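Pasting upload28.txt here (compact mmCIF, C-alpha atoms and all ligand atoms):
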# COMPACT_ATOMS: atom_id res chain seq x y z
CA MET S 326 63.97 97.35 87.98
CA HIS S 327 63.93 101.11 87.59
CA LYS S 328 64.80 103.51 84.81
CA ALA S 329 67.61 105.63 86.23
CA ASP S 330 71.11 104.14 86.26
CA THR S 331 72.33 103.26 89.73
CA VAL S 332 75.61 104.96 90.60
CA VAL S 333 77.64 103.10 93.22
CA SER S 334 80.10 104.97 95.44
CA VAL S 335 83.26 103.17 96.46
CA GLY S 336 85.35 105.27 98.85
CA ASN S 337 85.80 108.61 97.08
CA THR S 338 85.04 107.32 93.62
CA LYS S 339 81.95 106.26 91.70
CA ILE S 340 80.97 103.58 89.19
CA GLY S 341 77.91 103.95 86.95
CA GLY S 342 76.08 106.69 85.10
CA THR S 343 78.78 108.84 83.53
CA ASN S 344 81.49 107.43 85.82
CA LEU S 345 83.78 104.80 84.37
CA GLY S 346 85.46 102.69 87.07
CA VAL S 347 88.88 101.15 86.60
CA ILE S 348 89.72 98.39 89.09
CA ALA S 349 93.33 97.22 88.83
CA GLY S 350 95.90 95.30 90.81
CA PRO S 351 97.39 91.86 91.30
CA CYS S 352 95.30 88.69 91.41
CA ALA S 353 96.56 87.98 94.93
CA VAL S 354 98.22 90.11 97.57
CA GLU S 355 101.72 88.63 97.79
CA THR S 356 104.60 90.66 99.26
CA HIS S 357 104.60 94.25 100.47
CA GLU S 358 107.22 95.08 97.81
CA PHE S 359 105.21 93.72 94.87
CA LEU S 360 101.96 95.30 96.03
CA ASP S 361 103.58 98.67 96.67
CA GLN S 362 105.13 98.75 93.19
CA ILE S 363 101.91 97.66 91.50
CA ALA S 364 99.74 100.12 93.46
CA ALA S 365 102.09 103.01 92.63
CA ARG S 366 101.92 102.18 88.93
CA VAL S 367 98.17 101.64 88.66
CA LYS S 368 97.51 104.84 90.61
CA ALA S 369 99.88 106.82 88.38
CA ALA S 370 98.17 105.42 85.30
CA GLY S 371 94.73 106.48 86.57
CA ALA S 372 93.09 103.41 88.11
CA THR S 373 90.25 104.30 90.48
CA ILE S 374 90.17 101.20 92.74
CA LEU S 375 92.97 98.84 93.86
CA ARG S 376 92.25 95.10 93.88
CA GLY S 377 94.05 92.10 95.38
CA GLY S 378 92.93 88.79 96.85
CA ALA S 379 93.68 87.82 100.44
CA PHE S 380 91.33 84.80 100.35
CA LYS S 381 91.85 83.02 97.03
CA PRO S 382 89.46 80.45 95.53
CA ARG S 383 91.94 78.05 93.91
CA THR S 384 91.11 74.98 91.86
CA SER S 385 93.82 72.96 93.61
CA PRO S 386 94.04 72.83 97.41
CA TYR S 387 97.83 72.80 97.02
CA SER S 388 97.95 76.18 95.25
CA PHE S 389 98.55 79.43 97.14
CA GLN S 390 95.38 80.18 99.10
CA GLY S 391 96.10 83.83 99.99
CA HIS S 392 97.58 85.50 103.05
CA GLY S 393 94.24 86.05 104.82
CA GLU S 394 94.25 88.93 107.31
CA LYS S 395 97.90 89.77 106.62
CA GLY S 396 96.92 90.25 102.97
CA LEU S 397 94.04 92.52 103.96
CA GLN S 398 96.42 94.63 106.04
CA LEU S 399 98.87 94.98 103.16
CA LEU S 400 96.10 95.92 100.74
CA ARG S 401 94.68 98.53 103.17
CA GLU S 402 98.15 100.05 103.64
CA ALA S 403 98.70 100.30 99.89
CA GLY S 404 95.23 101.77 99.39
CA ASN S 405 95.88 104.40 102.05
CA LYS S 406 99.35 105.22 100.77
CA TYR S 407 98.21 105.74 97.18
CA GLY S 408 94.74 107.14 97.89
CA LEU S 409 92.84 104.27 96.28
CA PRO S 410 89.78 102.49 97.67
CA ILE S 411 90.28 98.72 97.85
CA VAL S 412 88.24 95.72 96.75
CA THR S 413 88.92 92.15 97.81
CA GLU S 414 87.11 88.81 97.72
CA VAL S 415 85.01 87.33 100.50
CA MET S 416 84.63 83.56 100.10
CA ASP S 417 82.66 82.63 103.18
CA THR S 418 80.18 84.13 105.63
CA LYS S 419 82.78 83.59 108.38
CA GLN S 420 85.10 86.11 106.66
CA ILE S 421 82.61 88.97 106.26
CA ASP S 422 83.27 90.86 109.52
CA LEU S 423 87.03 90.63 109.08
CA VAL S 424 87.02 91.74 105.44
CA CYS S 425 84.60 94.60 106.26
CA ARG S 426 87.14 95.99 108.72
CA TYR S 427 89.65 96.52 105.90
CA ALA S 428 87.92 96.76 102.52
CA ASP S 429 85.92 99.51 100.84
CA MET S 430 84.21 97.05 98.48
CA LEU S 431 83.48 93.32 98.82
CA GLN S 432 84.00 90.99 95.87
CA ILE S 433 81.87 87.89 95.38
CA GLY S 434 83.81 85.67 93.01
CA ALA S 435 82.42 83.66 90.11
CA ARG S 436 82.54 80.45 92.15
CA ASN S 437 80.33 81.93 94.84
CA MET S 438 77.81 83.78 92.70
CA GLN S 439 75.07 81.41 93.82
CA ASN S 440 76.20 80.96 97.42
CA PHE S 441 72.87 82.31 98.59
CA GLU S 442 73.68 82.40 102.30
CA LEU S 443 76.77 84.48 101.51
CA LEU S 444 74.72 86.80 99.29
CA LYS S 445 72.11 87.30 102.03
CA GLU S 446 74.73 88.15 104.65
CA ILE S 447 76.65 90.43 102.30
CA GLY S 448 73.31 92.14 101.70
CA GLN S 449 73.22 93.06 105.38
CA THR S 450 76.52 94.95 105.23
CA ASN S 451 76.84 98.58 104.18
CA LYS S 452 79.75 97.94 101.78
CA PRO S 453 79.38 98.16 98.00
CA VAL S 454 79.61 94.75 96.35
CA LEU S 455 81.34 93.58 93.17
CA LEU S 456 79.34 90.55 92.05
CA LYS S 457 81.06 88.44 89.40
CA ARG S 458 79.11 86.28 86.98
CA GLY S 459 79.40 82.57 87.63
CA MET S 460 81.22 80.68 84.91
CA SER S 461 78.08 78.78 83.92
CA ALA S 462 75.48 81.31 85.00
CA THR S 463 72.99 82.96 82.68
CA VAL S 464 72.46 86.71 82.84
CA LYS S 465 69.14 86.02 84.58
CA ASP S 466 70.95 83.93 87.20
CA LEU S 467 73.36 86.84 87.75
CA LEU S 468 70.50 89.29 88.14
CA MET S 469 68.72 87.04 90.63
CA SER S 470 71.92 86.76 92.66
CA ALA S 471 72.15 90.57 92.68
CA GLU S 472 68.51 90.58 93.79
CA TYR S 473 69.46 88.50 96.87
CA ILE S 474 71.86 91.27 97.94
CA LEU S 475 69.38 94.04 97.17
CA ALA S 476 66.52 92.21 98.89
CA SER S 477 68.65 91.92 102.04
CA GLY S 478 68.98 95.70 102.16
CA ASN S 479 72.16 96.55 100.26
CA PRO S 480 71.45 98.49 97.02
CA ASN S 481 75.09 99.04 96.04
CA VAL S 482 75.90 96.22 93.65
CA VAL S 483 78.22 96.38 90.63
CA LEU S 484 77.92 93.43 88.24
CA CYS S 485 80.98 91.96 86.52
CA GLU S 486 81.09 89.97 83.29
CA ARG S 487 84.20 87.76 83.48
CA GLY S 488 83.56 85.22 80.75
CA VAL S 489 81.70 81.92 80.79
CA ARG S 490 82.87 78.36 80.16
CA SER S 491 82.58 77.15 76.59
CA PHE S 492 83.95 74.48 74.25
CA GLU S 493 86.56 76.98 73.05
CA ASP S 494 89.95 76.49 74.65
CA LEU S 495 92.00 79.26 73.04
CA THR S 496 90.91 81.50 75.89
CA ARG S 497 90.35 80.67 79.57
CA ASN S 498 86.67 81.58 79.35
CA MET S 499 84.51 83.13 76.65
CA LEU S 500 83.84 86.84 77.06
CA ASP S 501 80.13 87.51 76.67
CA LEU S 502 80.16 91.19 75.75
CA ALA S 503 76.60 91.09 74.44
CA SER S 504 75.42 90.33 77.97
CA ILE S 505 76.26 93.74 79.32
CA LYS S 506 74.02 96.78 79.41
CA GLY S 507 70.35 97.07 78.87
CA GLN S 508 69.53 94.30 81.33
CA CYS S 509 69.07 96.38 84.48
CA HIS S 510 69.95 99.63 86.22
CA LEU S 511 73.01 98.33 88.09
CA PRO S 512 76.46 99.28 86.80
CA GLU S 513 78.19 96.48 84.92
CA ILE S 514 81.92 96.22 84.42
CA VAL S 515 84.00 93.77 82.39
CA ASP S 516 86.98 91.69 83.51
CA PRO S 517 88.98 90.81 80.39
CA SER S 518 91.72 89.21 82.53
CA HIS S 519 89.72 86.23 83.81
CA ALA S 520 87.65 86.20 80.61
CA THR S 521 90.64 85.58 78.35
CA GLY S 522 93.42 84.37 80.65
CA ARG S 523 95.81 85.90 78.10
CA ARG S 524 97.84 89.08 78.52
CA ASP S 525 97.96 89.68 74.76
CA LEU S 526 94.17 89.82 74.43
CA ILE S 527 93.35 91.99 77.45
CA PRO S 528 93.86 95.50 76.02
CA ALA S 529 91.65 94.89 72.97
CA MET S 530 88.91 93.24 75.06
CA ALA S 531 89.02 96.08 77.62
CA ARG S 532 88.63 98.65 74.84
CA ALA S 533 85.80 96.62 73.32
CA ALA S 534 84.07 96.50 76.71
CA VAL S 535 84.14 100.28 77.11
CA ALA S 536 82.98 100.71 73.51
CA ALA S 537 80.11 98.28 74.22
CA GLY S 538 78.93 100.49 77.07
CA ALA S 539 80.50 98.88 80.13
CA ASP S 540 80.63 101.06 83.24
CA GLY S 541 84.22 100.09 83.82
CA VAL S 542 86.90 97.44 83.59
CA HIS S 543 88.61 95.13 86.05
CA VAL S 544 92.17 94.26 85.06
CA GLU S 545 94.92 92.27 86.75
CA VAL S 546 98.29 94.02 86.70
CA HIS S 547 101.62 92.73 88.04
CA CYS S 548 105.13 94.19 88.01
CA CYS S 549 106.70 90.72 87.90
CA PRO S 550 104.11 88.29 86.51
CA GLU S 551 106.59 85.41 86.19
CA LYS S 552 106.84 85.43 89.98
CA ALA S 553 103.10 85.85 90.64
CA LEU S 554 101.55 83.20 92.90
CA SER S 555 98.33 83.17 90.86
CA ASP S 556 97.16 84.25 87.41
CA GLY S 557 100.59 85.49 86.22
CA PRO S 558 99.89 84.76 82.51
CA GLN S 559 96.88 87.09 82.54
CA ALA S 560 98.50 90.01 84.35
CA LEU S 561 99.24 93.10 82.30
CA LEU S 562 102.65 94.67 82.79
CA PRO S 563 102.47 98.20 84.25
CA GLU S 564 103.56 99.76 80.95
CA GLN S 565 100.82 97.88 79.10
CA PHE S 566 98.33 99.17 81.66
CA ASP S 567 99.61 102.74 81.08
CA ALA S 568 98.94 102.38 77.35
CA LEU S 569 95.51 100.86 77.95
CA MET S 570 94.52 103.72 80.25
CA LYS S 571 95.36 106.24 77.53
CA ASP S 572 92.99 104.41 75.16
CA ILE S 573 90.28 104.08 77.78
CA ARG S 574 90.44 107.79 78.54
CA LYS S 575 89.87 108.59 74.87
CA LEU S 576 86.97 106.14 74.67
CA ALA S 577 85.44 107.53 77.86
CA GLU S 578 85.47 110.98 76.33
CA MET S 579 83.85 109.68 73.14
CA PHE S 580 81.01 108.20 75.17
CA GLY S 581 80.53 111.23 77.43
CA LYS S 582 81.98 109.47 80.47
CA ARG S 583 84.81 110.28 82.83
CA ILE S 584 87.27 108.38 84.98
CA GLN S 585 87.01 110.03 88.35
CA SER S 586 90.27 109.83 90.25
CA PRO S 587 89.63 109.21 93.97
CA SER S 588 91.12 112.14 95.80
C1 LIG S 601 89.70 87.09 90.87
O1 LIG S 601 89.13 88.18 90.69
O2 LIG S 601 90.91 86.97 91.14
C2 LIG S 601 88.91 85.85 90.66
C3 LIG S 601 89.20 84.72 91.32
O3 LIG S 601 87.93 86.01 89.75
P1 LIG S 601 86.72 85.06 89.32
O4 LIG S 601 85.92 84.85 90.56
O5 LIG S 601 86.02 85.86 88.27
O6 LIG S 601 87.32 83.79 88.78
MN MN S 602 92.76 86.28 89.40

Final structure tokens representation of the file:
Amino acid sequence: MHKADTVVSVGNTKIGGTNLGVIAGPCAVETHEFLDQIAARVKAAGATILRGGAFKPRTSPYSFQGHGEKGLQLLREAGNKYGLPIVTEVMDTKQIDLVCRYADMLQIGARNMQNFELLKEIGQTNKPVLLKRGMSATVKDLLMSAEYILASGNPNVVLCERGVRSFEDLTRNMLDLASIKGQCHLPEIVDPSHATGRRDLIPAMARAAVAAGADGVHVEVHCCPEKALSDGPQALLPEQFDALMKDIRKLAEMFGKRIQSPS
């Protein structure tokens, strides 16, 4: 707990304070061709961080599990080529050293938000962390999980609201916009992709998040969602992401914030 907003640096960009972060990219790193096209488009539209999973937490063991180190290599290459820092998920303590060799930011997914051993070890790295809210976690639970990382020595945590489970089944999860801001000094971003699971709802929920005071958004984008190996139905098309970025820029200006392009 302290009064001043924490600003987290990720590569050459920042999230928090007056800096609005825009994390975009495919759910999973698939082929070089897909990732290259997606990275080019999100960079051109103004995203500040490229995302993509190499280790994927899938409900079914028979679904695509990610390309592992090959995926990390592809993501690093795309990040370097387009001048974007990269964020990717770490699912297990055994993966930390490997992921740290490639990524600028480590993602803890919703399913691991209370994997306390993972949080403690991530807290001993010097990489900024994107900590996603568990699907049945309260805001207090989320803050205590962040505290595990901070208490282990890593102060650079960005929180992410990505919807919680509810009785409602029109959307994949239920976006809890009221949970953001005012709870603590850490930056908090919103992921309308996993929160809704629906491409048609993402732009409006992303705009609402920025209007509600979020420090950024986290959006899945794919050039060919019908061929995506995970989360295709919730990937924005690049042209939809272009349009969303125009809106977000206007909102940022209204709220005295800026989207700092990593250079
Ligand atoms: C993801 O970011 O692709 C992901 C698996 O998210 P979550 O952990 O929020 O479900
Ligand atoms: Mn996903």

- Surrounding residues as an MDAnalysis selection string, ligand LIG 601 (chain S), max 9 Å, only C-alpha atoms and all ligand atoms: chainID S and resid 351:353 376:378 381:383 413:414 432:438 456:460 485:488 516 518:520 543:545 555:556

- Task: Counting only C-alpha atoms, figure out which residue out of S:Ile584, S:Leu409, S:Leu495, S:Leu400 gets nearest to Tyr427 of chain S.
- Result: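 Answer, going by the shortest atom-to-atom distance: S:Leu400.
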
- Task: Could you tell me which of S:Gly541, S:Gly391, S:Pro528, S:Pro480 comes closest to Lys506 of chain S if we count all atoms listed in the file?
- Result: S:Gly541

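Separating atom CA of Arg426 of chain S from atom CA of Pro517 of chain S is a distance of 28.9 Å.
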
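For Arg583 of chain S, the residues within 7 Å (counting all atoms listed in the file, excluding itself and residues fewer than 5 positions away along the chain) are Thr343, Asn344, Leu345, Ala577 and Glu578 of chain S.
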
- Query: Between atom CA of Val347 of chain S and atom CA of Ile374 of chain S, what is the distance, to one decimal in Å?
  - Reply: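 So the two atoms, atom CA of Val347 of chain S and atom CA of Ile374 of chain S, lie 6.3 Å apart.
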
- Task: With a distance cut-off of 10 Å and all atoms listed in the file, select the neighbouring residues of Leu443 of chain S, excluding the residue or stretch itself and same-chain residues fewer than 5 positions from it, and output the selection as JSON, numbers by chain.
- Result: {"S": [415, 416, 417, 418, 419, 420, 421, 433, 437, 438, 448, 473, 474]}

Could I get segment 508-526 of chain S rebuilt with N, CA, C and O atoms, written as a short mmCIF file (atom, residue, chain, number, x, y, z; two decimals), in the coordinates of the input?
data_model
loop_
_atom_site.label_atom_id
_atom_site.label_comp_id
_atom_site.auth_asym_id
_atom_site.auth_seq_id
_atom_site.Cartn_x
_atom_site.Cartn_y
_atom_site.Cartn_z
N GLN S 508 70.24 95.33 80.58
CA GLN S 508 69.53 94.30 81.33
C GLN S 508 68.93 94.86 82.62
O GLN S 508 67.88 94.41 83.05
N CYS S 509 69.61 95.79 83.25
CA CYS S 509 69.07 96.38 84.48
C CYS S 509 69.81 97.68 84.80
O CYS S 509 70.71 98.08 84.07
N HIS S 510 69.42 98.30 85.89
CA HIS S 510 69.95 99.63 86.22
C HIS S 510 71.29 99.59 86.93
O HIS S 510 71.93 100.62 87.12
N LEU S 511 71.75 98.39 87.34
CA LEU S 511 73.01 98.33 88.09
C LEU S 511 74.20 98.53 87.16
O LEU S 511 74.16 98.08 86.00
N PRO S 512 75.26 99.16 87.64
CA PRO S 512 76.46 99.28 86.80
C PRO S 512 77.02 97.90 86.48
O PRO S 512 76.96 96.99 87.31
N GLU S 513 77.57 97.76 85.29
CA GLU S 513 78.19 96.48 84.92
C GLU S 513 79.57 96.74 84.33
O GLU S 513 79.72 97.51 83.39
N ILE S 514 80.56 96.07 84.91
CA ILE S 514 81.92 96.22 84.42
C ILE S 514 82.37 94.90 83.79
O ILE S 514 81.71 93.88 83.94
N VAL S 515 83.50 94.95 83.09
CA VAL S 515 84.00 93.77 82.39
C VAL S 515 85.42 93.46 82.86
O VAL S 515 86.25 94.35 83.02
N ASP S 516 85.67 92.18 83.08
CA ASP S 516 86.98 91.69 83.51
C ASP S 516 87.60 90.88 82.38
O ASP S 516 87.34 89.68 82.25
N PRO S 517 88.39 91.54 81.52
CA PRO S 517 88.98 90.81 80.39
C PRO S 517 90.13 89.90 80.82
O PRO S 517 90.59 89.07 80.04
N SER S 518 90.60 90.04 82.05
CA SER S 518 91.72 89.21 82.53
C SER S 518 91.26 87.77 82.73
O SER S 518 91.82 86.84 82.14
N HIS S 519 90.22 87.59 83.59
CA HIS S 519 89.72 86.23 83.81
C HIS S 519 88.95 85.72 82.58
O HIS S 519 88.86 84.52 82.37
N ALA S 520 88.40 86.63 81.79
CA ALA S 520 87.65 86.20 80.61
C ALA S 520 88.56 85.56 79.57
O ALA S 520 88.18 84.59 78.92
N THR S 521 89.76 86.11 79.40
CA THR S 521 90.64 85.58 78.35
C THR S 521 91.76 84.72 78.91
O THR S 521 92.20 83.78 78.25
N GLY S 522 92.27 85.09 80.10
CA GLY S 522 93.42 84.37 80.65
C GLY S 522 94.71 84.66 79.90
O GLY S 522 95.73 84.03 80.15
N ARG S 523 94.65 85.64 78.97
CA ARG S 523 95.81 85.90 78.10
C ARG S 523 96.14 87.38 78.04
O ARG S 523 95.35 88.19 77.56
N ARG S 524 97.38 87.69 78.50
CA ARG S 524 97.84 89.08 78.52
C ARG S 524 97.68 89.76 77.17
O ARG S 524 97.30 90.93 77.09
N ASP S 525 97.97 89.03 76.08
CA ASP S 525 97.96 89.68 74.76
C ASP S 525 96.56 90.13 74.33
O ASP S 525 96.42 91.02 73.50
N LEU S 526 95.53 89.50 74.87
CA LEU S 526 94.17 89.82 74.43
C LEU S 526 93.49 90.87 75.30
O LEU S 526 92.42 91.39 74.94
#
